[in-house]
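Shown next: work_29.cif, containing mmCIF, C-alpha atoms.
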data_target
#
loop_
_atom_site.label_atom_id
_atom_site.label_comp_id
_atom_site.auth_asym_id
_atom_site.auth_seq_id
_atom_site.Cartn_x
_atom_site.Cartn_y
_atom_site.Cartn_z
CA MET A 1 0.00 0.00 0.00
CA ARG A 2 1.24 3.46 -0.89
CA GLU A 3 1.66 5.80 2.04
CA TYR A 4 -1.06 8.19 0.93
CA GLU A 5 -3.55 5.33 0.57
CA LYS A 6 -3.57 4.89 4.34
CA ASN A 7 -5.58 8.12 4.58
CA ILE A 8 -8.04 7.46 1.77
CA ARG A 9 -11.62 6.84 2.84
CA LYS A 10 -12.50 3.48 1.35
CA VAL A 11 -16.05 2.13 1.21
CA GLU A 12 -17.85 -0.66 -0.58
CA PRO A 13 -20.20 1.31 -2.85
CA TYR A 14 -23.89 0.83 -3.42
CA VAL A 15 -24.53 -1.11 -6.63
CA PRO A 16 -27.52 0.26 -8.55
CA GLY A 17 -29.63 -1.80 -10.90
CA GLU A 18 -28.44 -2.15 -14.47
CA GLN A 19 -29.42 0.58 -16.92
CA PRO A 20 -29.29 -1.19 -20.30
CA GLN A 21 -29.08 1.12 -23.30
CA ASN A 22 -30.68 -1.27 -25.74
CA LYS A 23 -34.45 -1.78 -25.91
CA VAL A 24 -35.49 -4.28 -23.26
CA ILE A 25 -38.36 -4.84 -20.86
CA LYS A 26 -36.90 -3.09 -17.85
CA LEU A 27 -38.37 -4.32 -14.57
CA ASN A 28 -35.27 -4.03 -12.39
CA THR A 29 -35.14 -0.54 -10.86
CA ASN A 30 -38.73 0.22 -9.78
CA GLU A 31 -39.18 3.07 -12.23
CA ASN A 32 -42.70 4.09 -13.15
CA PRO A 33 -43.68 2.65 -16.57
CA TYR A 34 -45.78 5.70 -17.42
CA PRO A 35 -44.60 9.22 -18.29
CA PRO A 36 -44.91 12.08 -15.79
CA SER A 37 -47.77 14.55 -15.84
CA PRO A 38 -48.27 16.32 -19.20
CA ARG A 39 -47.79 19.52 -17.23
CA VAL A 40 -44.13 18.52 -16.81
CA ALA A 41 -43.55 18.27 -20.56
CA LYS A 42 -45.35 21.57 -21.10
CA ALA A 43 -43.23 23.28 -18.44
CA LEU A 44 -40.04 22.08 -20.12
CA GLU A 45 -41.20 23.33 -23.51
CA GLU A 46 -42.04 26.73 -22.13
CA MET A 47 -38.88 27.22 -20.06
CA ASP A 48 -36.84 30.27 -21.02
CA SER A 49 -33.31 29.01 -21.73
CA ASP A 50 -31.96 32.26 -20.35
CA ARG A 51 -32.75 30.89 -16.91
CA PHE A 52 -29.99 28.33 -17.28
CA ARG A 53 -27.27 30.97 -17.09
CA LEU A 54 -28.46 31.84 -13.58
CA TYR A 55 -27.99 29.85 -10.40
CA PRO A 56 -31.20 28.21 -9.19
CA ASP A 57 -32.94 29.33 -6.03
CA PRO A 58 -30.90 27.72 -3.21
CA ALA A 59 -33.96 27.63 -0.96
CA CYS A 60 -35.99 25.84 -3.68
CA THR A 61 -38.87 28.07 -2.61
CA ALA A 62 -41.44 27.25 -5.31
CA LEU A 63 -41.01 23.50 -4.86
CA THR A 64 -41.02 23.54 -1.06
CA GLU A 65 -44.17 25.67 -1.12
CA ALA A 66 -45.88 23.32 -3.59
CA LEU A 67 -45.03 20.31 -1.43
CA ALA A 68 -46.09 22.12 1.73
CA ASP A 69 -49.45 22.87 0.14
CA PHE A 70 -49.87 19.27 -1.03
CA TYR A 71 -49.18 17.81 2.43
CA HIS A 72 -50.81 20.63 4.43
CA VAL A 73 -47.65 21.56 6.31
CA ASN A 74 -45.66 24.78 6.51
CA PRO A 75 -42.86 25.46 3.99
CA ASP A 76 -40.30 25.48 6.82
CA GLN A 77 -41.17 21.82 7.39
CA VAL A 78 -39.98 20.76 3.90
CA PHE A 79 -36.44 20.01 2.68
CA VAL A 80 -35.68 19.03 -0.93
CA GLY A 81 -32.66 17.40 -2.51
CA VAL A 82 -31.33 15.61 -5.57
CA GLY A 83 -33.40 12.47 -5.20
CA SER A 84 -34.27 10.85 -1.89
CA ASP A 85 -30.77 9.34 -1.82
CA ASP A 86 -29.33 12.84 -1.49
CA VAL A 87 -31.86 13.70 1.21
CA LEU A 88 -31.16 10.50 3.15
CA SER A 89 -27.41 10.92 2.86
CA MET A 90 -27.72 14.45 4.24
CA CYS A 91 -29.83 13.07 7.10
CA PHE A 92 -27.17 10.51 7.97
CA LEU A 93 -24.49 13.21 7.90
CA THR A 94 -26.54 15.67 9.96
CA PHE A 95 -28.28 13.54 12.58
CA PHE A 96 -26.39 10.29 13.15
CA ASN A 97 -23.35 11.45 15.10
CA SER A 98 -23.41 9.64 18.45
CA ASP A 99 -21.19 6.77 19.55
CA LYS A 100 -24.23 4.53 19.80
CA PRO A 101 -25.19 2.41 16.78
CA ILE A 102 -28.05 3.38 14.53
CA PHE A 103 -30.61 0.66 13.82
CA PHE A 104 -32.05 -0.52 10.51
CA PRO A 105 -33.34 -3.89 9.24
CA ASP A 106 -30.97 -6.62 8.05
CA ILE A 107 -32.90 -6.93 4.78
CA THR A 108 -33.56 -3.43 3.51
CA TYR A 109 -32.30 -0.69 1.21
CA SER A 110 -28.60 -1.48 0.93
CA PHE A 111 -27.57 2.17 0.70
CA TYR A 112 -28.10 2.53 4.49
CA LYS A 113 -25.06 0.42 5.22
CA VAL A 114 -23.01 2.29 2.61
CA TRP A 115 -23.80 5.70 4.15
CA ALA A 116 -23.11 4.41 7.65
CA GLU A 117 -19.69 3.18 6.59
CA LEU A 118 -18.95 6.29 4.51
CA TYR A 119 -19.66 8.62 7.44
CA ARG A 120 -18.15 6.26 10.05
CA ILE A 121 -21.47 5.78 11.81
CA PRO A 122 -21.76 2.66 14.00
CA TYR A 123 -24.76 0.54 13.10
CA GLU A 124 -26.60 -2.66 13.99
CA CYS A 125 -28.93 -4.52 11.65
CA GLN A 126 -32.09 -5.79 13.32
CA LYS A 127 -33.30 -9.07 11.84
CA LEU A 128 -36.65 -9.25 10.14
CA ASP A 129 -38.76 -12.13 11.39
CA GLY A 130 -39.42 -15.34 9.44
CA ASP A 131 -42.11 -13.60 7.41
CA PHE A 132 -39.74 -10.69 6.58
CA ARG A 133 -41.60 -8.36 8.95
CA ILE A 134 -39.98 -5.72 11.17
CA VAL A 135 -39.90 -6.78 14.82
CA LYS A 136 -40.77 -3.49 16.45
CA GLU A 137 -39.53 -4.56 19.88
CA ASP A 138 -35.99 -4.81 18.48
CA TYR A 139 -36.02 -1.03 18.13
CA TYR A 140 -36.91 -0.34 21.76
CA LYS A 141 -33.35 -0.71 23.08
CA GLU A 142 -30.78 2.07 23.32
CA ASN A 143 -29.47 3.32 19.96
CA GLY A 144 -28.08 6.33 18.11
CA GLY A 145 -30.96 6.66 15.65
CA VAL A 146 -33.41 4.59 13.63
CA ILE A 147 -34.15 4.36 9.91
CA PHE A 148 -36.37 1.95 8.01
CA PRO A 149 -38.34 2.00 4.76
CA ASN A 150 -42.09 1.58 4.74
CA PRO A 151 -42.91 -0.28 2.55
CA ASN A 152 -39.61 -2.07 2.96
CA ALA A 153 -37.34 -2.78 0.03
CA PRO A 154 -36.79 -5.27 -1.48
CA THR A 155 -39.57 -7.14 0.34
CA ALA A 156 -42.40 -4.67 -0.59
CA LEU A 157 -44.05 -5.28 2.80
CA TYR A 158 -45.88 -2.40 4.45
CA GLU A 159 -46.13 -1.92 8.21
CA GLU A 160 -49.33 -0.33 9.44
CA LEU A 161 -49.09 3.11 10.96
CA ASP A 162 -49.56 1.88 14.54
CA VAL A 163 -46.40 -0.22 14.22
CA VAL A 164 -44.48 2.76 12.87
CA GLU A 165 -45.76 4.96 15.67
CA ASP A 166 -44.75 2.42 18.31
CA ILE A 167 -41.16 2.56 17.07
CA ILE A 168 -41.16 6.38 17.04
CA ARG A 169 -42.73 6.55 20.50
CA ALA A 170 -40.07 4.19 21.89
CA ASN A 171 -37.25 6.42 20.61
CA PRO A 172 -37.92 9.97 21.85
CA ASP A 173 -34.24 10.85 22.31
CA VAL A 174 -32.97 10.01 18.81
CA ILE A 175 -33.92 10.85 15.24
CA VAL A 176 -36.28 8.36 13.57
CA ILE A 177 -36.37 8.40 9.76
CA VAL A 178 -39.19 6.67 7.89
CA ASP A 179 -38.17 6.21 4.26
CA GLU A 180 -41.40 6.22 2.26
CA ALA A 181 -40.25 5.90 -1.33
CA TYR A 182 -43.15 3.53 -2.05
CA VAL A 183 -45.83 4.61 0.41
CA ASP A 184 -48.10 6.06 -2.29
CA PHE A 185 -48.74 2.48 -3.47
CA ALA A 186 -49.37 1.23 0.07
CA GLY A 187 -51.40 3.00 2.73
CA ARG A 188 -51.27 5.69 5.38
CA SER A 189 -48.10 7.75 5.58
CA ALA A 190 -46.13 8.67 8.68
CA MET A 191 -46.68 12.27 7.54
CA GLU A 192 -49.73 12.03 9.81
CA LEU A 193 -47.39 11.86 12.80
CA ILE A 194 -45.10 14.79 11.95
CA ASP A 195 -46.73 17.29 14.29
CA ARG A 196 -46.89 14.75 17.12
CA TYR A 197 -43.20 13.75 17.14
CA GLU A 198 -40.57 16.45 16.67
CA ASN A 199 -37.83 13.82 16.19
CA LEU A 200 -39.53 12.22 13.17
CA ILE A 201 -38.34 12.73 9.59
CA VAL A 202 -40.37 11.35 6.67
CA VAL A 203 -38.55 11.05 3.34
CA GLN A 204 -40.25 10.60 -0.03
CA THR A 205 -39.31 10.81 -3.70
CA PHE A 206 -40.52 11.81 -7.16
CA SER A 207 -38.81 8.75 -8.66
CA LYS A 208 -41.60 6.22 -8.19
CA ALA A 209 -45.22 7.38 -8.08
CA ARG A 210 -44.48 10.69 -9.86
CA SER A 211 -42.54 9.09 -12.76
CA MET A 212 -39.55 11.44 -12.47
CA ALA A 213 -36.56 9.23 -11.60
CA GLY A 214 -34.56 11.01 -14.30
CA MET A 215 -35.13 14.43 -12.70
CA ARG A 216 -33.73 13.40 -9.29
CA ILE A 217 -36.07 15.03 -6.79
CA GLY A 218 -36.49 13.90 -3.20
CA TYR A 219 -37.78 15.58 -0.08
CA ALA A 220 -38.11 15.32 3.67
CA VAL A 221 -40.91 16.58 5.90
CA SER A 222 -40.24 17.13 9.58
CA SER A 223 -40.30 19.72 12.35
CA PRO A 224 -39.00 23.20 11.44
CA ARG A 225 -36.08 22.68 13.83
CA LEU A 226 -34.82 19.53 12.08
CA ILE A 227 -35.38 21.02 8.62
CA LYS A 228 -33.25 24.00 9.63
CA TYR A 229 -30.45 21.64 10.71
CA LEU A 230 -30.67 19.89 7.33
CA ASN A 231 -30.51 23.17 5.45
CA ASP A 232 -27.54 24.34 7.52
CA ALA A 233 -25.69 21.16 6.55
CA LYS A 234 -26.74 21.49 2.89
CA TYR A 235 -25.56 25.11 2.64
CA SER A 236 -22.24 24.03 4.12
CA PHE A 237 -21.96 21.35 1.48
CA ASN A 238 -23.56 22.64 -1.74
CA SER A 239 -25.97 25.56 -1.81
CA TYR A 240 -27.30 24.91 -5.32
CA THR A 241 -28.37 21.30 -5.19
CA MET A 242 -31.48 21.48 -7.37
CA ASN A 243 -31.25 22.58 -11.00
CA GLN A 244 -33.67 25.02 -12.64
CA ALA A 245 -35.48 22.41 -14.75
CA ALA A 246 -36.02 20.05 -11.82
CA LEU A 247 -37.51 22.83 -9.71
CA VAL A 248 -39.92 23.95 -12.41
CA CYS A 249 -40.98 20.42 -13.39
CA GLY A 250 -41.28 19.31 -9.79
CA VAL A 251 -43.77 22.06 -9.05
CA GLU A 252 -45.94 21.11 -12.03
CA ALA A 253 -45.89 17.42 -11.08
CA VAL A 254 -47.07 18.20 -7.56
CA LYS A 255 -49.90 20.40 -8.81
CA ASP A 256 -51.36 17.68 -11.04
CA ARG A 257 -53.01 15.60 -8.31
CA GLU A 258 -55.54 13.98 -10.66
CA TYR A 259 -52.86 12.57 -12.97
CA PHE A 260 -50.86 11.39 -9.94
CA GLU A 261 -53.81 9.46 -8.52
CA GLU A 262 -54.75 7.96 -11.89
CA GLY A 263 -51.21 6.64 -12.31
CA LEU A 264 -51.25 5.06 -8.86
CA HIS A 265 -54.53 3.33 -9.64
CA LYS A 266 -53.15 1.81 -12.86
CA ILE A 267 -50.01 0.46 -11.19
CA ILE A 268 -51.86 -0.95 -8.18
CA LYS A 269 -54.41 -2.64 -10.45
CA THR A 270 -51.62 -4.23 -12.52
CA ARG A 271 -49.76 -5.25 -9.36
CA GLU A 272 -52.75 -7.11 -7.91
CA TRP A 273 -53.38 -8.86 -11.22
CA ALA A 274 -49.69 -9.81 -11.46
CA LYS A 275 -49.66 -11.31 -7.95
CA GLY A 276 -52.40 -13.69 -9.03
CA ARG A 277 -50.55 -14.64 -12.20
CA PHE A 278 -47.36 -15.37 -10.28
CA GLU A 279 -49.25 -17.59 -7.85
CA GLU A 280 -50.90 -19.50 -10.70
CA LEU A 281 -47.41 -20.33 -11.94
CA GLY A 282 -46.37 -21.67 -8.54
CA PHE A 283 -44.44 -18.62 -7.33
CA CYS A 284 -44.63 -17.52 -3.72
CA CYS A 285 -45.04 -13.74 -3.48
CA LEU A 286 -44.88 -11.54 -0.44
CA ASP A 287 -47.91 -9.28 -0.05
CA SER A 288 -46.55 -6.38 -2.07
CA ARG A 289 -47.73 -2.89 -1.23
CA ALA A 290 -45.16 -1.20 -3.46
CA ASN A 291 -44.68 -0.91 -7.24
CA PHE A 292 -42.76 -4.18 -7.35
CA ILE A 293 -43.18 -7.80 -6.32
CA PHE A 294 -40.72 -9.94 -4.33
CA ALA A 295 -41.12 -13.54 -5.47
CA THR A 296 -39.57 -16.97 -5.28
CA HIS A 297 -40.35 -20.32 -6.90
CA PRO A 298 -39.77 -23.53 -4.91
CA GLU A 299 -38.75 -25.49 -8.00
CA TYR A 300 -36.50 -23.08 -9.87
CA ASP A 301 -33.21 -21.44 -8.91
CA ALA A 302 -33.57 -17.66 -8.75
CA LYS A 303 -30.16 -16.89 -10.25
CA GLU A 304 -30.75 -19.21 -13.20
CA LEU A 305 -34.18 -17.67 -13.80
CA PHE A 306 -32.70 -14.18 -13.54
CA GLU A 307 -30.12 -15.02 -16.20
CA ALA A 308 -32.71 -16.68 -18.45
CA LEU A 309 -34.94 -13.61 -18.24
CA LYS A 310 -32.01 -11.33 -19.03
CA ASP A 311 -31.03 -13.45 -22.03
CA ASN A 312 -34.56 -12.89 -23.32
CA GLY A 313 -34.47 -9.13 -22.88
CA ILE A 314 -36.36 -8.98 -19.57
CA TYR A 315 -34.46 -7.33 -16.72
CA VAL A 316 -35.39 -7.97 -13.08
CA ARG A 317 -33.33 -7.60 -9.88
CA TYR A 318 -31.41 -10.39 -8.15
CA TRP A 319 -29.10 -10.10 -5.13
CA GLY A 320 -28.19 -13.58 -3.97
CA SER A 321 -27.80 -12.23 -0.44
CA GLU A 322 -28.29 -14.20 2.76
CA ARG A 323 -31.93 -15.13 3.40
CA ILE A 324 -33.09 -13.80 0.01
CA GLU A 325 -30.83 -15.71 -2.36
CA GLN A 326 -33.86 -17.42 -3.95
CA TYR A 327 -35.90 -14.26 -4.48
CA LEU A 328 -36.30 -11.93 -7.44
CA ARG A 329 -37.64 -8.40 -7.31
CA ILE A 330 -39.84 -7.57 -10.27
CA THR A 331 -40.97 -4.00 -10.97
CA ILE A 332 -44.56 -3.53 -12.08
CA GLY A 333 -44.45 -2.47 -15.74
CA THR A 334 -47.27 -1.75 -18.13
CA ARG A 335 -49.88 -4.45 -18.63
CA GLU A 336 -48.27 -5.21 -22.00
CA GLU A 337 -44.79 -5.56 -20.49
CA MET A 338 -46.09 -7.84 -17.77
CA GLU A 339 -47.86 -10.00 -20.36
CA VAL A 340 -44.51 -10.53 -22.10
CA LEU A 341 -42.93 -11.45 -18.75
CA PHE A 342 -45.64 -14.01 -17.99
CA GLY A 343 -45.49 -15.41 -21.51
CA PHE A 344 -41.82 -16.19 -20.92
CA LEU A 345 -42.48 -17.61 -17.43
CA GLU A 346 -45.20 -19.89 -18.79
CA ARG A 347 -42.68 -21.40 -21.17
CA TYR A 348 -39.95 -21.53 -18.51
CA VAL A 349 -41.95 -23.40 -15.88
CA GLY A 350 -43.68 -25.54 -18.50
CA ARG A 351 -47.23 -24.78 -17.51
CA GLN A 352 -50.10 -23.28 -19.43
CA MET A 353 -51.84 -20.64 -17.35
CA PRO A 354 -55.62 -20.33 -17.53
CA GLY A 355 -56.83 -17.54 -19.78
#
Can the structure from this file be put into C-alpha cells for me?
Amino acid sequence: MREYEKNIRKVEPYVPGEQPQNKVIKLNTNENPYPPSPRVAKALEEMDSDRFRLYPDPACTALTEALADFYHVNPDQVFVGVGSDDVLSMCFLTFFNSDKPIFFPDITYSFYKVWAELYRIPYECQKLDGDFRIVKEDYYKENGGVIFPNPNAPTALYEELDVVEDIIRANPDVIVIVDEAYVDFAGRSAMELIDRYENLIVVQTFSKARSMAGMRIGYAVSSPRLIKYLNDAKYSFNSYTMNQAALVCGVEAVKDREYFEEGLHKIIKTREWAKGRFEELGFCCLDSRANFIFATHPEYDAKELFEALKDNGIYVRYWGSERIEQYLRITIGTREEMEVLFGFLERYVGRQMPG
C-alpha cells in the first residue's frame, strides 16, 4: 500500500440496478412505466433558456411551497434534494453522530449500510422475522438513531401506521427516519405523525409514483427545527443542489393531483393482477404494497431464472444475499410488459396458465 492510501476513505459502494441502453423490458429498478404529468412536458417546452445561465434558487422556494401545500404543512417543514438518496445521505451526515449504533433492518435498502460506513457511523442490523416483517420490539433498546423503509425494500411489505408509531414513540431521544419511497402504493403515511413527534423525519421521492426518476427530486418533511439543521448542513456542502429544470418540473408534477392518482390506480391494479398470475405459476409472493413484487419459486433457482430472463431481454433484480438468495424483485411495468414477462415464465416453468 502506498503511504497516501492509508488516509483514503474506502467504502464498498452501493450497486444500482443495471441501466441497459438497448431496448429491453426493464423491470429491475422500480421506475414508473408511465410518463410524468403532461404539465411537466409543457413546463419544459415553455422554459426560457436564459434561466440556465443563472444559479437556481438555493432555498428551492417554489417547490417547497408546492409540497407544503400538497401535504398541508408549513414550507419550513420541507427540505428538498437531488433524489431521496441525497436527502437520506444528508440526514445521515446531519443527525447520526453519536457513539451509539443506529438501527435498521438486516434486509432493507442497501444504501443505508453504505452511508453508515462512509460517514463512520456505528450501526446494527435488526433481523426481520421469518415472514420478513420488522420486529418493532428490536427497536426499543438504546441506539443512536433509527431508519427503516415503509414499505420495505426489497420485500415490498408495508407496516401499518400503529407499528411505525410504536417505534417512534419508543425512541424519543434520537432521530427516527421513515423512508417512504413507495408509500403512495401502500397505505397511510407517517406524515400524519409529523406534528406529534418532533424527532420524526419522513422522506419521499418523485422517482416512483411521480414518474420522475430522471429528474432526481427527493424531499423530507419534519419539524422546522430539524429542517433548519438539514438546510444548515446542505448550505455548508452545496448551496445549489437542485437545478432550474427540476424545480420547475417538480412544481408542475405536484400540482397535477388527478394525474398522480390515476397513475397510482393503474399500477396498483396491474400489481394485484400480477400477484395472481405469479401464484398461478407456482411462485410464492410476499404481499406487495409497493410498485414491485418480491417472489420466489420452490422449483427453480432464482439466479438461473434471472439469467434466463435477461437473455430474453427482460431485466429484473437479483441479489443472492443471505436469506433472500432465492428471491427476485420484479418491478410492475405496463400491462403489455407484464404479459410478455408471464409469456416467458409460462414457457420456462412448462405450464399453461388459464386464460
Practice problem: Name the residues that the PyMOL selection byres ((chain A and resi 326) around 7) pulls out of this structure, and write them as a PyMOL selection string. | Solution: chain A and resi 296+301-302+320+324-325+327-328
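Here the PyMOL selection byres ((chain A and resi 85) around 10) captures the residues A:Gly81, A:Val82, A:Gly83, A:Ser84, A:Asp86, A:Val87, A:Leu88, A:Ser89, A:Met90, A:Cys91, A:Phe111, A:Tyr112, A:Trp115, A:Val203, A:Gln204, A:Thr205, A:Arg216, A:Ile217, A:Gly218, A:Tyr219.
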Using only C-alpha atoms, please write the residues we just selected to a file, as a compact mmCIF listing (two decimals), keeping the file's coordinate frame.
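Ended up saving to result_10.txt:
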# COMPACT_ATOMS: atom_id res chain seq x y z
CA GLY A 81 -32.66 17.40 -2.51
CA VAL A 82 -31.33 15.61 -5.57
CA GLY A 83 -33.40 12.47 -5.20
CA SER A 84 -34.27 10.85 -1.89
CA ASP A 86 -29.33 12.84 -1.49
CA VAL A 87 -31.86 13.70 1.21
CA LEU A 88 -31.16 10.50 3.15
CA SER A 89 -27.41 10.92 2.86
CA MET A 90 -27.72 14.45 4.24
CA CYS A 91 -29.83 13.07 7.10
CA PHE A 111 -27.57 2.17 0.70
CA TYR A 112 -28.10 2.53 4.49
CA TRP A 115 -23.80 5.70 4.15
CA VAL A 203 -38.55 11.05 3.34
CA GLN A 204 -40.25 10.60 -0.03
CA THR A 205 -39.31 10.81 -3.70
CA ARG A 216 -33.73 13.40 -9.29
CA ILE A 217 -36.07 15.03 -6.79
CA GLY A 218 -36.49 13.90 -3.20
CA TYR A 219 -37.78 15.58 -0.08
Quiz item: For Glu31 (chain A), which residue out of A:Ala181, A:Ala62, A:Val114, A:Ala274 is the nearest one, using all atoms listed in the file?
Solution: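 Closest residue, counting all atoms listed in the file: A:Ala181.
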Quiz item: Could you spell out the hits of the PyMOL selection byres ((chain A and resi 120-130) around 6) on the shown file, as a PyMOL selection string?
Solution: chain A and resi 101-106+116-119+131-134
Quiz item: What lies within 10 Å of Leu305 (chain A) using all atoms listed in the file, ignoring chain neighbours under 6 positions off, as a ChimeraX atom specification?
Solution: /A:297,311,316,318,326,328,345,348-349
Quiz item: How many Å separate CA of Lys228 (chain A) from CA of Arg210 (chain A)?
Solution: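 According to the coordinates, CA of Lys228 (chain A) and CA of Arg210 (chain A) are separated by 26.1 Å.
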Practice problem: Rounded to one decimal place, report the CA of Gly276 (chain A)-CA of Ala186 (chain A) distance in Å. | Solution: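 A separation of 17.7 Å between them.
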Quiz item: Just how far from CA of Ala156 (chain A) is CA of Asn30 (chain A), in Å to one decimal?
Solution: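 Distance reported for this atom pair: 11.0 Å.
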Excluding Met215 (chain A) and residues on its chain fewer than 2 positions from it, collect all residues at most 12 Å away from it, counting only C-alpha atoms, and give them as a short mmCIF file (atom, residue, chain, number, x, y, z; two decimals) with C-alpha atoms, keeping the file's coordinate frame.
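Written out: selection_6.cif:
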data_model
loop_
_atom_site.label_atom_id
_atom_site.label_comp_id
_atom_site.auth_asym_id
_atom_site.auth_seq_id
_atom_site.Cartn_x
_atom_site.Cartn_y
_atom_site.Cartn_z
CA PRO A 36 -44.91 12.08 -15.79
CA VAL A 40 -44.13 18.52 -16.81
CA LEU A 44 -40.04 22.08 -20.12
CA GLY A 81 -32.66 17.40 -2.51
CA VAL A 82 -31.33 15.61 -5.57
CA GLY A 83 -33.40 12.47 -5.20
CA SER A 84 -34.27 10.85 -1.89
CA THR A 205 -39.31 10.81 -3.70
CA PHE A 206 -40.52 11.81 -7.16
CA SER A 207 -38.81 8.75 -8.66
CA LYS A 208 -41.60 6.22 -8.19
CA ARG A 210 -44.48 10.69 -9.86
CA SER A 211 -42.54 9.09 -12.76
CA MET A 212 -39.55 11.44 -12.47
CA ALA A 213 -36.56 9.23 -11.60
CA ILE A 217 -36.07 15.03 -6.79
CA GLY A 218 -36.49 13.90 -3.20
CA MET A 242 -31.48 21.48 -7.37
CA ASN A 243 -31.25 22.58 -11.00
CA GLN A 244 -33.67 25.02 -12.64
CA ALA A 245 -35.48 22.41 -14.75
CA ALA A 246 -36.02 20.05 -11.82
CA LEU A 247 -37.51 22.83 -9.71
CA VAL A 248 -39.92 23.95 -12.41
CA CYS A 249 -40.98 20.42 -13.39
CA GLY A 250 -41.28 19.31 -9.79
CA ALA A 253 -45.89 17.42 -11.08
#
Self-check item: Contact residues around Gln77 (chain A) with only C-alpha atoms at 9 Å, ignoring same-chain residues under 4 positions, as a ChimeraX atom specification
Solution: /A:64,68,73,220-228
Regenerate region 135-149 of chain A at the level of N, CA and C atoms and dump it as a compact mmCIF listing (two decimals), in the coordinates of the input.
# COMPACT_ATOMS: atom_id res chain seq x y z
N VAL A 135 -39.56 -6.47 13.43
CA VAL A 135 -39.90 -6.78 14.82
C VAL A 135 -39.74 -5.49 15.61
N LYS A 136 -40.84 -4.84 15.89
CA LYS A 136 -40.77 -3.49 16.45
C LYS A 136 -40.05 -3.45 17.80
N GLU A 137 -40.17 -4.53 18.57
CA GLU A 137 -39.53 -4.56 19.88
C GLU A 137 -38.01 -4.49 19.79
N ASP A 138 -37.44 -4.88 18.66
CA ASP A 138 -35.99 -4.81 18.48
C ASP A 138 -35.49 -3.38 18.43
N TYR A 139 -36.39 -2.43 18.23
CA TYR A 139 -36.02 -1.03 18.13
C TYR A 139 -36.29 -0.25 19.42
N TYR A 140 -36.62 -0.99 20.49
CA TYR A 140 -36.91 -0.34 21.76
C TYR A 140 -35.65 -0.13 22.61
N LYS A 141 -34.57 -0.82 22.26
CA LYS A 141 -33.35 -0.71 23.08
C LYS A 141 -32.56 0.54 22.68
N GLU A 142 -31.57 0.86 23.50
CA GLU A 142 -30.78 2.07 23.32
C GLU A 142 -30.07 2.08 21.97
N ASN A 143 -30.09 3.22 21.28
CA ASN A 143 -29.47 3.32 19.96
C ASN A 143 -29.12 4.77 19.67
N GLY A 144 -28.47 4.98 18.52
CA GLY A 144 -28.08 6.33 18.11
C GLY A 144 -28.97 6.91 17.03
N GLY A 145 -30.05 6.22 16.70
CA GLY A 145 -30.96 6.66 15.65
C GLY A 145 -31.57 5.46 14.96
N VAL A 146 -32.69 5.67 14.29
CA VAL A 146 -33.41 4.59 13.63
C VAL A 146 -33.80 5.03 12.23
N ILE A 147 -33.65 4.13 11.27
CA ILE A 147 -34.15 4.36 9.91
C ILE A 147 -34.68 3.05 9.36
N PHE A 148 -35.83 3.12 8.70
CA PHE A 148 -36.37 1.95 8.01
C PHE A 148 -37.30 2.42 6.91
N PRO A 149 -37.40 1.65 5.82
CA PRO A 149 -38.34 2.00 4.76
C PRO A 149 -39.71 1.40 5.07
